[in-house]
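This report concerns only the one structure given below.
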Amino acid sequence: MRAWFFSENAYHLLPDAREYDSIRVKLPNRYYDPKIGADLYHRFIDEWLLAEELGLEIMVNEHHQTATNVNPSAAVVMGALGRVTRSARLLILGNPIANRREPVRVAEEMAMVDVYSRGRLECGFVRGVPYEMSAGNHRPTHMMERFWEAHDLIVKAWTSHDGPFNWEGKHFHHRQVNIWPRPYQEPHPPIWITALSPSSAREVGARGYTVACFLTGFEGTKTVFDSYRERRAELGLPGAPRERFAYAALVYTGDTDAEGYAGARKLMWYLESNKVPPQFTSPPGYHPIASTVNAMKGATPGIYKMFQNPTLEGLMEHGLVFAGNPDSVYRQIMRMYEHVGGFGQLLMMSQAGFLDHEETVKGMQMFSREVYPRLKEL
């Protein structure tokens with residue numbers, strides 16, 4: 001198993017939540033102090049560099065107009081990390097390509113990062129969260145259709161080396177595509193795609209990419225992974241190796257269970273702070289009609305209801321948090337591993353909110369020294 005260190009790079013020094021109704025889209029940026037923000041950026045880079053020293057891989061993502069993540073460009077961060085790191089794989093998960101008006105620009109940026117890092121980029125594509133539809137002036141309808149067309153255009157741009165080609169699609173139109181530089185890796189960087197539903201997992205499985213689940217718990221993850229495997233079987237394709245399956249959770253390892261739980265409770269800021277009104281969480285047309293109807297009826301699965309009032313015990317019970325002493329963390333990860341039929345990539349959100357630098361480093365060191373060697377044996 002391969003483990004990745006991940007942080008949302010939040011700006012957590014906010015006023016009392018009663019003073020605002022949404023942490024995303026409309027929270028005034030007067031609450032952001034650029035001097036403190038600069039210190040945080042450099043702190044986060046230091047922690048990624050430490051992750052490489054400890055033998056962990058590095059994961060970065062991006063979001064827009066939110067205090068929960070102040071990386072509006074994953075490519076900029078990875079460009080810096082591509083220069084100062086030497087061996088770690090660099091995962092961007094991911095590029096919200098359905099929201100982008102110029103997929104060719106994404107192809108260029110990712111090729112540049114791949115060259116900077118001398119072929120260490122892992123390139124993740126995501127549909128984009130609903131909160132960012134209105135903020136980016138995007139239409140929430142036909143997002144998956146737009147997503148796959150953007151994907152196809154990016155891959156063609158990466159793999160075309162004999163001069164310009166034209167692209168006349170439903171959503172994107174380009175007269176001359178001829179990117180410089182082209183990717184370092186042949187034919188292109190490995191592709192990852194997030195999936196939260198069986199239908200999206202089937203398409204990822206058909207293409208053989210790495211499928212990633214984020215905080216989907218035991219049953220949600222099993223459903224996605226099973227759908228991926230079933231689709232490949234239907235098409236007569238070889239079974240996918242375990243490294244094609246990735247799971248992301250909040251992870252904190254301490255000397256004792258009590259220390260591990262204390263660190264995990266600080267990580268929970270990521271869930272507790274995500275205060276967003278329904279006009280941003282459910283823009284018309286973004287979610288399938290059946291899902292919207294079920295949510296209005298109160299039939300939303302329990303795992304999502306937990307996000308409204310999260311508790312450490314509930315999150316651990318459902319496999320969204322792995323925390324405690326090294327033996328406890330190992331057992332929790334293995335319980336998930338066995339339940340979903342195995343996975344080869346563990347994406348660890350191991351820094352969030354008020355977990356300070358020293359605490360973050362302690363959790364990384366404990367995991368790397370006491371848990372990771374056992375997982376590698378898988």
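A note on labels: chains of the structure tokens are A, B, ... as shown, every chain counts residues from 1, and ligands are counted from 1 in their shown order.
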
*DSSP says strand (DSSP E) for which residues of region 10-206 of chain A? Put them as a ChimeraX atom specification?*
/A:57-60,90-96,121-126,165-168,173-177,191-194

Keeping only C-alpha atoms, write the selected residues as a tab-separated table (two decimals), in the first residue's frame.
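Output saved as out_22.tsv:
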chain	number	residue	atom	x	y	z
A	57	GLU	CA	3.96	10.56	-1.19
A	58	ILE	CA	2.44	14.05	-1.59
A	59	MET	CA	-1.14	15.02	-2.44
A	60	VAL	CA	-2.53	18.48	-3.23
A	90	LEU	CA	3.08	14.23	-6.65
A	91	LEU	CA	-0.69	13.75	-6.82
A	92	ILE	CA	-3.07	16.53	-7.79
A	93	LEU	CA	-6.59	15.41	-6.87
A	94	GLY	CA	-7.72	17.28	-8.49
A	95	ASN	CA	-8.31	19.51	-11.41
A	96	PRO	CA	-12.02	20.47	-11.62
A	121	LEU	CA	3.12	13.76	-11.46
A	122	GLU	CA	-0.08	11.79	-10.85
A	123	CYS	CA	-2.90	13.77	-12.42
A	124	GLY	CA	-6.35	13.65	-10.85
A	125	PHE	CA	-9.51	14.95	-12.48
A	126	VAL	CA	-12.67	15.86	-10.56
A	165	PHE	CA	-5.17	19.44	-34.31
A	166	ASN	CA	-8.66	20.91	-34.28
A	167	TRP	CA	-11.32	20.10	-31.68
A	168	GLU	CA	-14.99	20.70	-32.35
A	173	HIS	CA	-13.95	24.34	-29.50
A	174	HIS	CA	-10.27	24.79	-30.36
A	175	ARG	CA	-8.88	25.52	-33.81
A	176	GLN	CA	-5.22	24.71	-33.12
A	177	VAL	CA	-4.06	22.55	-30.23
A	191	ILE	CA	-4.80	9.55	-14.29
A	192	TRP	CA	-6.91	9.42	-11.13
A	193	ILE	CA	-10.62	10.23	-10.96
A	194	THR	CA	-12.82	10.62	-7.90

_I'd like the contact shell of Arg331 (chain A) - 12 Å cut-off, only C-alpha atoms, skipping same-chain residues fewer than 4 positions apart - returned as a ChimeraX atom specification._
/A:316,319,322-327,335-338,371,374-375

Closest atom pairs, residues of region 155-213 of chain A within 6 Å of region 227-249 of chain A, only C-alpha atoms, as a tab-separated table:
residue	atom	partner	partner_atom	distance
A:Pro198	CA	A:Ser227	CA	5.4
A:Ala201	CA	A:Tyr228	CA	5.1
A:Arg202	CA	A:Tyr228	CA	4.9
A:Gly205	CA	A:Tyr228	CA	4.5
A:Ala206	CA	A:Arg232	CA	5.7
A:Thr210	CA	A:Arg244	CA	4.1
A:Val211	CA	A:Phe245	CA	5.3
A:Ala212	CA	A:Ala246	CA	4.5
A:Cys213	CA	A:Tyr247	CA	5.0

Please produce a file of those selected residues containing C-alpha atoms, as a PDB file, in the first residue's frame.
ATOM      1  CA  PRO A 198     -21.743   3.535  -8.706  1.00  0.00           C
ATOM      2  CA  ALA A 201     -17.304   4.420 -10.868  1.00  0.00           C
ATOM      3  CA  ARG A 202     -18.419   2.315 -13.838  1.00  0.00           C
ATOM      4  CA  GLY A 205     -13.498   1.308 -14.337  1.00  0.00           C
ATOM      5  CA  ALA A 206     -14.085   0.991 -18.069  1.00  0.00           C
ATOM      6  CA  THR A 210      -7.321   4.891 -10.434  1.00  0.00           C
ATOM      7  CA  VAL A 211     -10.650   5.524  -8.675  1.00  0.00           C
ATOM      8  CA  ALA A 212     -10.571   7.545  -5.461  1.00  0.00           C
ATOM      9  CA  CYS A 213     -13.219   7.776  -2.744  1.00  0.00           C
TER      10      CYS A 213
END

*Residue contacts of Asn309 (chain A) (12 Å, only C-alpha atoms) excluding same-chain residues fewer than 6 positions away, as a list in words*: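 In the requested format, the answer is Met268, Trp269, Leu271, Glu272, Ser273, Asn274, Lys275, Gly302, Ile303 and Leu315 of chain A.
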
*So how many Å separate CA of Ala75 (chain A) and CA of Tyr11 (chain A), to one decimal?*
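So the two atoms, CA of Ala75 (chain A) and CA of Tyr11 (chain A), lie 19.3 Å apart.
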
_Tyr31 (chain A) surroundings by only C-alpha atoms, 12 Å radius, close-in-sequence under 2 positions cut, as a list in words_ = Tyr11, His12, Leu13, Leu14, Pro15, Asp16, Glu19, Tyr20, Ile23, Lys26, Leu27, Pro28, Asn29, Asp33, Pro34, Lys35, Ile36, Gly37, Thr66 and Ala67 of chain A

Include N, CA and C atoms and write out the residues we just selected as an mmCIF file, in the first residue's frame.
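Okay, again16.cif is ready:
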data_model
loop_
_atom_site.group_PDB
_atom_site.id
_atom_site.type_symbol
_atom_site.label_atom_id
_atom_site.label_comp_id
_atom_site.auth_asym_id
_atom_site.auth_seq_id
_atom_site.Cartn_x
_atom_site.Cartn_y
_atom_site.Cartn_z
ATOM 1 N N TYR A 11 -7.395 28.155 5.874
ATOM 2 C CA TYR A 11 -7.178 29.328 6.718
ATOM 3 C C TYR A 11 -8.214 29.226 7.825
ATOM 4 N N HIS A 12 -7.771 28.811 8.997
ATOM 5 C CA HIS A 12 -8.685 28.420 10.069
ATOM 6 C C HIS A 12 -8.946 29.514 11.095
ATOM 7 N N LEU A 13 -8.244 30.615 11.000
ATOM 8 C CA LEU A 13 -8.357 31.668 12.019
ATOM 9 C C LEU A 13 -9.524 32.595 11.676
ATOM 10 N N LEU A 14 -10.725 32.095 11.886
ATOM 11 C CA LEU A 14 -11.943 32.775 11.484
ATOM 12 C C LEU A 14 -12.714 33.269 12.703
ATOM 13 N N PRO A 15 -13.627 34.207 12.512
ATOM 14 C CA PRO A 15 -14.468 34.644 13.634
ATOM 15 C C PRO A 15 -15.444 33.544 14.042
ATOM 16 N N ASP A 16 -16.179 33.801 15.094
ATOM 17 C CA ASP A 16 -17.194 32.854 15.543
ATOM 18 C C ASP A 16 -18.146 32.547 14.390
ATOM 19 N N GLU A 19 -21.163 34.509 13.234
ATOM 20 C CA GLU A 19 -21.031 35.790 12.543
ATOM 21 C C GLU A 19 -21.171 35.676 11.035
ATOM 22 N N TYR A 20 -21.239 34.452 10.506
ATOM 23 C CA TYR A 20 -21.396 34.293 9.056
ATOM 24 C C TYR A 20 -22.245 33.052 8.784
ATOM 25 N N ILE A 23 -19.061 29.426 4.960
ATOM 26 C CA ILE A 23 -17.606 29.515 4.913
ATOM 27 C C ILE A 23 -17.111 29.539 3.472
ATOM 28 N N LYS A 26 -19.089 33.280 -0.070
ATOM 29 C CA LYS A 26 -19.420 34.648 0.305
ATOM 30 C C LYS A 26 -18.768 35.140 1.593
ATOM 31 N N LEU A 27 -17.919 34.324 2.224
ATOM 32 C CA LEU A 27 -17.244 34.789 3.437
ATOM 33 C C LEU A 27 -16.285 35.926 3.061
ATOM 34 N N PRO A 28 -16.448 37.123 3.612
ATOM 35 C CA PRO A 28 -15.618 38.264 3.200
ATOM 36 C C PRO A 28 -14.130 37.990 3.419
ATOM 37 N N ASN A 29 -13.305 38.326 2.433
ATOM 38 C CA ASN A 29 -11.880 38.049 2.582
ATOM 39 C C ASN A 29 -11.169 39.062 3.473
ATOM 40 N N ASP A 33 -5.740 37.381 6.684
ATOM 41 C CA ASP A 33 -4.546 38.200 6.890
ATOM 42 C C ASP A 33 -3.430 37.628 6.010
ATOM 43 N N PRO A 34 -3.024 38.342 4.958
ATOM 44 C CA PRO A 34 -2.010 37.807 4.038
ATOM 45 C C PRO A 34 -0.689 37.473 4.722
ATOM 46 N N LYS A 35 -0.341 38.187 5.799
ATOM 47 C CA LYS A 35 0.912 37.890 6.486
ATOM 48 C C LYS A 35 0.833 36.529 7.184
ATOM 49 N N ILE A 36 -0.289 36.274 7.826
ATOM 50 C CA ILE A 36 -0.497 34.956 8.429
ATOM 51 C C ILE A 36 -0.601 33.905 7.334
ATOM 52 N N GLY A 37 -1.294 34.255 6.250
ATOM 53 C CA GLY A 37 -1.435 33.325 5.129
ATOM 54 C C GLY A 37 -0.096 32.924 4.534
ATOM 55 N N THR A 66 -13.023 30.019 -0.790
ATOM 56 C CA THR A 66 -13.347 29.383 0.479
ATOM 57 C C THR A 66 -12.161 29.432 1.422
ATOM 58 N N ALA A 67 -12.457 29.527 2.721
ATOM 59 C CA ALA A 67 -11.408 29.469 3.731
ATOM 60 C C ALA A 67 -10.981 28.040 4.013
#

_So the first atom is CA of Tyr41 (chain A) and the second is CA of Ser87 (chain A); what is the distance between them in Å, to one decimal place?_
21.3 Å
